Amino acid sequence: MDDSGEPRRSSRALAALGFDPNSVLAREPGVLLDPHFLGAMHAELEAELGSEGAEATLVQVGFIQGFHDAWRAVGGELGEGIVVPPPLAIRFTAVRNARPAGAIEMVGSWPERTEASAHLSLIGPCSQVSCHLSAGYTSGWLSGTMDANILAIESSCAAGGAEECRFIAREADAWRADGNPRAAALLAALPFDAIRDLVQSRSRGDAERRPQEGIDSDAAVIHIWGPVMVIPFTSGDEALRAVELIDRDPAARDVSVVVVDLSGAIIDDAFGALILEQIIDSSEAQGAETIFAAVSPLSEPVVSDLDRQPLLIHKDLSEAIAAAFQVALAQRMTV
């Protein structure tokens, strides 16, 4: 980190909005790359931080995700000889004659234009570029796979009227030598060594805690990300007590949407159904909507017959979390 304080400011902004780099959210591509979630996150961050602050924060979140995925692939976490492509579609269209000779420099595009489309649908056209999380992810992926400090900067964006969302990726020293002010601001938000240490230590910790025989070691963990709370339904009573945190715990005071993760749960038509209805009642009493996620086929008949129904039901947890952020944003815009 340099003396500008920009990395610290971005980190504080992330924490204030619930986007903790150590959380599952920062390493869950199914959420981060969902167009509904992307649009909601753009709108939230721009409202809180302005366009420049939002760009720096999105690049930082994307970088952590991209570097984490690269570390898993290159570091052999997935198994020796197993390499998977990044979940973000990246097309490299050319390799330039880098300056200085031997330095890494390339250009490319994001052919699916997911982030630009999300920005257009929720916020509208941008004056310059909008794919900040994609740029951060590409920076992290390249930095991890090439073992170098690389920053990708978007050069043209579909949300600004261009045909493609294109980027230029260079090593950090090359950007600094160019004196590009935008690159300088983004590099200040990316303490490469600190992020490497964070991701690598977290990955090692995850490996040590890796569940055996299909048991999820995080099954009982409650996650709170700004306006969204995710509650695992491992125990009905514990899930109900978790909802009560909204009223008691200062960390949960901004929660307006509760996602109940029913992964692996078999809901019976007596106690289980009663607890789910109580969760909905308790959430609504505290001003929060409820979304059910990952309902098993065996539980679907019971859930569909509940007298008190949640706002939404999603089969996929990532989709449910993304929808929760979209609902939270809609709530804020109507206040």
# chains A, B, ... in the order shown; residues from 1 in each chain; ligands from 1
$ select_by_dssp --residues "range 20-189 of chain A" --states "strand (DSSP E)" --output "count of residues only"
23
$ residues_around --residues "range 260-268 of chain A" --least-positions-apart "6" --cutoff "8 Å" --atoms "only C-alpha atoms" --output "PyMOL selection string"
chain A and resi 230-234+290-296+298-299+302-303+317
$ write_last_selection --atoms "N, CA and C atoms" --output "compact mmCIF listing (two decimals), in the first residue's frame"
# COMPACT_ATOMS: atom_id res chain seq x y z
N VAL A 230 -27.79 -14.74 4.74
CA VAL A 230 -27.98 -16.11 4.28
C VAL A 230 -27.93 -17.04 5.49
N ILE A 231 -29.02 -17.79 5.69
CA ILE A 231 -29.15 -18.66 6.85
C ILE A 231 -29.23 -20.12 6.39
N PRO A 232 -28.33 -20.98 6.84
CA PRO A 232 -28.45 -22.41 6.51
C PRO A 232 -29.51 -23.06 7.39
N PHE A 233 -30.34 -23.91 6.81
CA PHE A 233 -31.40 -24.57 7.55
C PHE A 233 -30.91 -25.92 8.06
N THR A 234 -29.81 -25.88 8.82
CA THR A 234 -29.30 -27.13 9.40
C THR A 234 -30.09 -27.51 10.64
N THR A 290 -38.25 -12.67 2.56
CA THR A 290 -37.63 -13.99 2.67
C THR A 290 -37.56 -14.67 1.31
N ILE A 291 -36.43 -15.29 1.04
CA ILE A 291 -36.23 -16.07 -0.18
C ILE A 291 -35.75 -17.46 0.23
N PHE A 292 -36.37 -18.50 -0.35
CA PHE A 292 -35.92 -19.86 -0.11
C PHE A 292 -35.01 -20.30 -1.26
N ALA A 293 -33.94 -21.02 -0.91
CA ALA A 293 -32.98 -21.48 -1.93
C ALA A 293 -32.74 -22.97 -1.79
N ALA A 294 -32.49 -23.62 -2.94
CA ALA A 294 -32.05 -25.02 -2.99
C ALA A 294 -33.05 -25.96 -2.32
N VAL A 295 -34.32 -25.79 -2.62
CA VAL A 295 -35.35 -26.69 -2.08
C VAL A 295 -35.23 -28.04 -2.79
N SER A 296 -35.11 -29.12 -2.03
CA SER A 296 -34.96 -30.45 -2.62
C SER A 296 -36.29 -30.92 -3.20
N LEU A 298 -37.83 -33.60 -2.64
CA LEU A 298 -38.64 -34.20 -1.59
C LEU A 298 -39.35 -33.15 -0.74
N SER A 299 -38.76 -31.95 -0.68
CA SER A 299 -39.35 -30.89 0.15
C SER A 299 -40.28 -29.98 -0.62
N VAL A 302 -44.08 -29.89 0.34
CA VAL A 302 -44.34 -29.26 1.63
C VAL A 302 -44.21 -27.75 1.52
N VAL A 303 -43.15 -27.29 0.86
CA VAL A 303 -42.92 -25.85 0.72
C VAL A 303 -44.05 -25.19 -0.08
N LEU A 317 -28.58 -21.69 -5.03
CA LEU A 317 -28.26 -20.74 -3.96
C LEU A 317 -27.65 -19.46 -4.52
$ select_by_dssp --residues "range 71-312 of chain A" --states "alpha helix (DSSP H)" --output "JSON, numbers by chain"
{"A": [71, 72, 73, 74, 114, 115, 116, 117, 118, 119, 120, 121, 122, 132, 133, 134, 135, 136, 137, 138, 139, 140, 141, 142, 143, 144, 145, 146, 172, 173, 174, 175, 176, 177, 178, 181, 182, 183, 184, 185, 186, 187, 188, 192, 193, 194, 195, 196, 197, 198, 199, 200, 201, 202, 203, 204, 205, 206, 207, 208, 236, 237, 238, 239, 240, 241, 242, 243, 245, 246, 247, 248, 271, 272, 273, 274, 275, 276, 277, 278, 279, 280, 281, 282, 283, 284, 285, 300, 301, 302, 303, 304]}
$ residues_around --residues "Arg196 in chain A" --least-positions-apart "6" --cutoff "9 Å" --atoms "only C-alpha atoms" --output "PyMOL selection string"
chain A and resi 64+67-68+144
$ closest_residue --among "A:Arg176, A:Arg72, A:His223, A:His36" --to "Val258 in chain A" --atoms "only C-alpha atoms"
A:His223
$ atom_distance --atom1 "CA of Val327 in chain A" --atom2 "CA of Asp281 in chain A"
18.0 Å
$ atom_distance --atom1 "CA of Ala330 in chain A" --atom2 "CA of Ser127 in chain A"
23.9 Å
$ residues_around --residues "Gly161 in chain A" --least-positions-apart "3" --cutoff "8 Å" --atoms "only C-alpha atoms" --output "ChimeraX atom specification"
/A:125,157-158
$ write_last_selection --atoms "C-alpha atoms" --output "PDB file, in the first residue's frame"
ATOM      1  CA  PRO A 125     -25.421   3.883 -20.716  1.00  0.00           C
ATOM      2  CA  CYS A 157     -17.317  -0.827 -23.574  1.00  0.00           C
ATOM      3  CA  ALA A 158     -20.639  -1.963 -24.994  1.00  0.00           C
TER       4      ALA A 158
END
$ atom_distance --atom1 "CA of Arg170 in chain A" --atom2 "CA of Leu151 in chain A"
5.7 Å
$ residues_around --residues "Glu115 in chain A" --least-positions-apart "3" --cutoff "10 Å" --atoms "only C-alpha atoms" --output "compact mmCIF listing (two decimals) with N, CA and C atoms, in the first residue's frame"
# COMPACT_ATOMS: atom_id res chain seq x y z
N LEU A 32 -21.03 -13.40 -8.26
CA LEU A 32 -20.40 -12.20 -8.79
C LEU A 32 -20.65 -12.00 -10.28
N LEU A 33 -20.83 -13.09 -11.02
CA LEU A 33 -21.02 -12.98 -12.46
C LEU A 33 -22.49 -13.07 -12.86
N ASP A 34 -23.39 -13.07 -11.89
CA ASP A 34 -24.81 -13.03 -12.20
C ASP A 34 -25.19 -11.61 -12.63
N PRO A 35 -25.86 -11.43 -13.79
CA PRO A 35 -26.14 -10.07 -14.28
C PRO A 35 -27.00 -9.25 -13.33
N HIS A 36 -27.95 -9.89 -12.63
CA HIS A 36 -28.80 -9.15 -11.70
C HIS A 36 -27.97 -8.63 -10.53
N PHE A 37 -27.10 -9.50 -10.00
CA PHE A 37 -26.25 -9.08 -8.89
C PHE A 37 -25.28 -7.98 -9.33
N LEU A 38 -24.68 -8.14 -10.51
CA LEU A 38 -23.74 -7.14 -11.01
C LEU A 38 -24.40 -5.77 -11.11
N GLY A 39 -25.60 -5.72 -11.67
CA GLY A 39 -26.29 -4.44 -11.79
C GLY A 39 -26.57 -3.82 -10.44
N HIS A 42 -23.25 -2.54 -8.91
CA HIS A 42 -22.84 -1.29 -9.53
C HIS A 42 -23.63 -0.11 -8.98
N TRP A 110 -14.18 -9.30 -23.57
CA TRP A 110 -15.12 -10.14 -22.84
C TRP A 110 -16.32 -10.33 -23.76
N GLU A 112 -19.01 -12.08 -23.91
CA GLU A 112 -20.39 -12.20 -23.44
C GLU A 112 -20.97 -10.87 -22.96
N ALA A 118 -25.49 -5.73 -17.76
CA ALA A 118 -26.08 -5.49 -16.44
C ALA A 118 -26.13 -4.00 -16.14
N HIS A 119 -25.06 -3.28 -16.48
CA HIS A 119 -25.01 -1.83 -16.25
C HIS A 119 -26.08 -1.14 -17.09
N LEU A 120 -26.20 -1.54 -18.33
CA LEU A 120 -27.20 -0.92 -19.22
C LEU A 120 -28.62 -1.16 -18.72
N SER A 121 -28.91 -2.38 -18.27
CA SER A 121 -30.28 -2.73 -17.89
C SER A 121 -30.73 -2.04 -16.63
N SER A 130 -17.60 0.42 -18.17
CA SER A 130 -18.35 -0.03 -16.99
C SER A 130 -17.92 -1.40 -16.47
N CYS A 131 -17.09 -2.14 -17.21
CA CYS A 131 -16.79 -3.53 -16.83
C CYS A 131 -15.64 -3.61 -15.83
N HIS A 132 -15.84 -2.99 -14.67
CA HIS A 132 -14.75 -2.88 -13.71
C HIS A 132 -14.47 -4.20 -13.01
N LEU A 133 -15.52 -4.93 -12.64
CA LEU A 133 -15.29 -6.22 -12.00
C LEU A 133 -14.64 -7.20 -12.97
N SER A 134 -15.05 -7.15 -14.24
CA SER A 134 -14.43 -8.00 -15.27
C SER A 134 -12.95 -7.67 -15.43
N CYS A 157 -16.27 -0.13 -24.31
CA CYS A 157 -17.32 -0.83 -23.57
C CYS A 157 -18.64 -0.77 -24.33
N ALA A 158 -19.33 -1.91 -24.34
CA ALA A 158 -20.64 -1.96 -24.99
C ALA A 158 -21.65 -1.07 -24.29
N ALA A 159 -21.47 -0.84 -22.98
CA ALA A 159 -22.38 0.04 -22.26
C ALA A 159 -22.18 1.50 -22.64
N CYS A 165 -16.56 -5.14 -25.63
CA CYS A 165 -15.93 -4.75 -24.39
C CYS A 165 -14.48 -5.24 -24.46
$ residues_around --residues "Leu142 in chain A" --least-positions-apart "5" --cutoff "10 Å" --atoms "only C-alpha atoms" --output "number ranges by chain"
A: 63, 66-67, 70, 104, 136-137, 147-152, 169-171
$ closest_residue --among "A:Gly272, A:Pro310, A:Pro227, A:Gly236" --to "Ala40 in chain A" --atoms "only C-alpha atoms"
A:Pro227
$ closest_residue --among "A:Asn180, A:Ile321, A:Arg166, A:Gln128" --to "Thr93 in chain A" --atoms "only C-alpha atoms"
A:Arg166
$ decode --residues "range 43-80 of chain A" --atoms "N, CA and C atoms" --output "PDB file, in the first residue's frame"
ATOM      1  N   ALA A  43     -24.947  -0.247  -8.940  1.00  0.00           N
ATOM      2  CA  ALA A  43     -25.790   0.850  -8.478  1.00  0.00           C
ATOM      3  C   ALA A  43     -25.505   1.205  -7.027  1.00  0.00           C
ATOM      4  N   GLU A  44     -25.329   0.178  -6.189  1.00  0.00           N
ATOM      5  CA  GLU A  44     -25.066   0.403  -4.767  1.00  0.00           C
ATOM      6  C   GLU A  44     -23.739   1.122  -4.559  1.00  0.00           C
ATOM      7  N   LEU A  45     -22.695   0.637  -5.220  1.00  0.00           N
ATOM      8  CA  LEU A  45     -21.375   1.219  -5.024  1.00  0.00           C
ATOM      9  C   LEU A  45     -21.275   2.626  -5.609  1.00  0.00           C
ATOM     10  N   GLU A  46     -21.880   2.853  -6.760  1.00  0.00           N
ATOM     11  CA  GLU A  46     -21.831   4.189  -7.348  1.00  0.00           C
ATOM     12  C   GLU A  46     -22.583   5.194  -6.489  1.00  0.00           C
ATOM     13  N   ALA A  47     -23.689   4.758  -5.882  1.00  0.00           N
ATOM     14  CA  ALA A  47     -24.438   5.646  -5.004  1.00  0.00           C
ATOM     15  C   ALA A  47     -23.638   5.996  -3.752  1.00  0.00           C
ATOM     16  N   GLU A  48     -22.878   5.025  -3.240  1.00  0.00           N
ATOM     17  CA  GLU A  48     -22.138   5.231  -1.995  1.00  0.00           C
ATOM     18  C   GLU A  48     -20.774   5.883  -2.204  1.00  0.00           C
ATOM     19  N   LEU A  49     -20.097   5.541  -3.313  1.00  0.00           N
ATOM     20  CA  LEU A  49     -18.691   5.927  -3.475  1.00  0.00           C
ATOM     21  C   LEU A  49     -18.430   6.848  -4.652  1.00  0.00           C
ATOM     22  N   GLY A  50     -19.415   7.054  -5.523  1.00  0.00           N
ATOM     23  CA  GLY A  50     -19.146   7.793  -6.748  1.00  0.00           C
ATOM     24  C   GLY A  50     -18.520   6.876  -7.787  1.00  0.00           C
ATOM     25  N   SER A  51     -18.393   7.357  -9.007  1.00  0.00           N
ATOM     26  CA  SER A  51     -17.939   6.498 -10.104  1.00  0.00           C
ATOM     27  C   SER A  51     -16.501   6.022  -9.916  1.00  0.00           C
ATOM     28  N   GLU A  52     -15.590   6.906  -9.499  1.00  0.00           N
ATOM     29  CA  GLU A  52     -14.189   6.499  -9.340  1.00  0.00           C
ATOM     30  C   GLU A  52     -14.011   5.524  -8.185  1.00  0.00           C
ATOM     31  N   GLY A  53     -14.672   5.788  -7.072  1.00  0.00           N
ATOM     32  CA  GLY A  53     -14.578   4.874  -5.936  1.00  0.00           C
ATOM     33  C   GLY A  53     -15.200   3.523  -6.241  1.00  0.00           C
ATOM     34  N   ALA A  54     -16.319   3.533  -6.973  1.00  0.00           N
ATOM     35  CA  ALA A  54     -16.959   2.273  -7.347  1.00  0.00           C
ATOM     36  C   ALA A  54     -16.053   1.460  -8.262  1.00  0.00           C
ATOM     37  N   GLU A  55     -15.392   2.129  -9.216  1.00  0.00           N
ATOM     38  CA  GLU A  55     -14.497   1.409 -10.123  1.00  0.00           C
ATOM     39  C   GLU A  55     -13.365   0.740  -9.347  1.00  0.00           C
ATOM     40  N   ALA A  56     -12.730   1.478  -8.444  1.00  0.00           N
ATOM     41  CA  ALA A  56     -11.616   0.913  -7.684  1.00  0.00           C
ATOM     42  C   ALA A  56     -12.064  -0.272  -6.836  1.00  0.00           C
ATOM     43  N   THR A  57     -13.233  -0.162  -6.232  1.00  0.00           N
ATOM     44  CA  THR A  57     -13.722  -1.227  -5.367  1.00  0.00           C
ATOM     45  C   THR A  57     -14.103  -2.469  -6.168  1.00  0.00           C
ATOM     46  N   LEU A  58     -14.761  -2.277  -7.309  1.00  0.00           N
ATOM     47  CA  LEU A  58     -15.133  -3.408  -8.153  1.00  0.00           C
ATOM     48  C   LEU A  58     -13.905  -4.114  -8.714  1.00  0.00           C
ATOM     49  N   VAL A  59     -12.894  -3.345  -9.100  1.00  0.00           N
ATOM     50  CA  VAL A  59     -11.653  -3.945  -9.587  1.00  0.00           C
ATOM     51  C   VAL A  59     -11.005  -4.781  -8.486  1.00  0.00           C
ATOM     52  N   GLN A  60     -11.032  -4.264  -7.269  1.00  0.00           N
ATOM     53  CA  GLN A  60     -10.425  -5.004  -6.162  1.00  0.00           C
ATOM     54  C   GLN A  60     -11.171  -6.312  -5.891  1.00  0.00           C
ATOM     55  N   VAL A  61     -12.504  -6.269  -5.841  1.00  0.00           N
ATOM     56  CA  VAL A  61     -13.286  -7.486  -5.614  1.00  0.00           C
ATOM     57  C   VAL A  61     -13.043  -8.490  -6.732  1.00  0.00           C
ATOM     58  N   GLY A  62     -13.062  -8.002  -7.986  1.00  0.00           N
ATOM     59  CA  GLY A  62     -12.823  -8.893  -9.118  1.00  0.00           C
ATOM     60  C   GLY A  62     -11.441  -9.502  -9.088  1.00  0.00           C
ATOM     61  N   PHE A  63     -10.442  -8.705  -8.706  1.00  0.00           N
ATOM     62  CA  PHE A  63      -9.069  -9.211  -8.652  1.00  0.00           C
ATOM     63  C   PHE A  63      -8.956 -10.360  -7.654  1.00  0.00           C
ATOM     64  N   ILE A  64      -9.557 -10.193  -6.478  1.00  0.00           N
ATOM     65  CA  ILE A  64      -9.495 -11.246  -5.461  1.00  0.00           C
ATOM     66  C   ILE A  64     -10.119 -12.530  -5.989  1.00  0.00           C
ATOM     67  N   GLN A  65     -11.279 -12.398  -6.649  1.00  0.00           N
ATOM     68  CA  GLN A  65     -11.946 -13.576  -7.216  1.00  0.00           C
ATOM     69  C   GLN A  65     -11.088 -14.219  -8.302  1.00  0.00           C
ATOM     70  N   GLY A  66     -10.562 -13.396  -9.223  1.00  0.00           N
ATOM     71  CA  GLY A  66      -9.754 -13.930 -10.318  1.00  0.00           C
ATOM     72  C   GLY A  66      -8.484 -14.588  -9.836  1.00  0.00           C
ATOM     73  N   PHE A  67      -7.816 -13.959  -8.876  1.00  0.00           N
ATOM     74  CA  PHE A  67      -6.580 -14.547  -8.360  1.00  0.00           C
ATOM     75  C   PHE A  67      -6.886 -15.836  -7.601  1.00  0.00           C
ATOM     76  N   HIS A  68      -7.989 -15.858  -6.876  1.00  0.00           N
ATOM     77  CA  HIS A  68      -8.374 -17.071  -6.154  1.00  0.00           C
ATOM     78  C   HIS A  68      -8.590 -18.234  -7.125  1.00  0.00           C
ATOM     79  N   ASP A  69      -9.307 -17.961  -8.233  1.00  0.00           N
ATOM     80  CA  ASP A  69      -9.554 -19.022  -9.211  1.00  0.00           C
ATOM     81  C   ASP A  69      -8.260 -19.482  -9.884  1.00  0.00           C
ATOM     82  N   ALA A  70      -7.365 -18.522 -10.167  1.00  0.00           N
ATOM     83  CA  ALA A  70      -6.080 -18.879 -10.770  1.00  0.00           C
ATOM     84  C   ALA A  70      -5.239 -19.702  -9.801  1.00  0.00           C
ATOM     85  N   TRP A  71      -5.245 -19.337  -8.550  1.00  0.00           N
ATOM     86  CA  TRP A  71      -4.476 -20.068  -7.538  1.00  0.00           C
ATOM     87  C   TRP A  71      -4.981 -21.498  -7.409  1.00  0.00           C
ATOM     88  N   ARG A  72      -6.287 -21.667  -7.453  1.00  0.00           N
ATOM     89  CA  ARG A  72      -6.851 -23.011  -7.367  1.00  0.00           C
ATOM     90  C   ARG A  72      -6.393 -23.853  -8.555  1.00  0.00           C
ATOM     91  N   ALA A  73      -6.378 -23.244  -9.740  1.00  0.00           N
ATOM     92  CA  ALA A  73      -6.019 -23.992 -10.948  1.00  0.00           C
ATOM     93  C   ALA A  73      -4.515 -24.258 -11.014  1.00  0.00           C
ATOM     94  N   VAL A  74      -3.722 -23.203 -10.916  1.00  0.00           N
ATOM     95  CA  VAL A  74      -2.273 -23.332 -11.065  1.00  0.00           C
ATOM     96  C   VAL A  74      -1.655 -24.005  -9.854  1.00  0.00           C
ATOM     97  N   GLY A  75      -2.212 -23.733  -8.666  1.00  0.00           N
ATOM     98  CA  GLY A  75      -1.652 -24.291  -7.441  1.00  0.00           C
ATOM     99  C   GLY A  75      -1.986 -25.748  -7.229  1.00  0.00           C
ATOM    100  N   GLY A  76      -2.771 -26.321  -8.135  1.00  0.00           N
ATOM    101  CA  GLY A  76      -3.066 -27.739  -8.023  1.00  0.00           C
ATOM    102  C   GLY A  76      -4.120 -28.079  -7.002  1.00  0.00           C
ATOM    103  N   GLU A  77      -4.872 -27.081  -6.537  1.00  0.00           N
ATOM    104  CA  GLU A  77      -5.893 -27.341  -5.525  1.00  0.00           C
ATOM    105  C   GLU A  77      -6.984 -28.259  -6.061  1.00  0.00           C
ATOM    106  N   LEU A  78      -7.196 -28.223  -7.377  1.00  0.00           N
ATOM    107  CA  LEU A  78      -8.238 -29.053  -7.981  1.00  0.00           C
ATOM    108  C   LEU A  78      -7.746 -30.461  -8.298  1.00  0.00           C
ATOM    109  N   GLY A  79      -6.462 -30.688  -8.072  1.00  0.00           N
ATOM    110  CA  GLY A  79      -5.908 -31.999  -8.401  1.00  0.00           C
ATOM    111  C   GLY A  79      -4.848 -31.866  -9.482  1.00  0.00           C
ATOM    112  N   GLU A  80      -3.829 -32.677  -9.401  1.00  0.00           N
ATOM    113  CA  GLU A  80      -2.715 -32.581 -10.342  1.00  0.00           C
ATOM    114  C   GLU A  80      -3.187 -32.812 -11.776  1.00  0.00           C
TER     115      GLU A  80
END
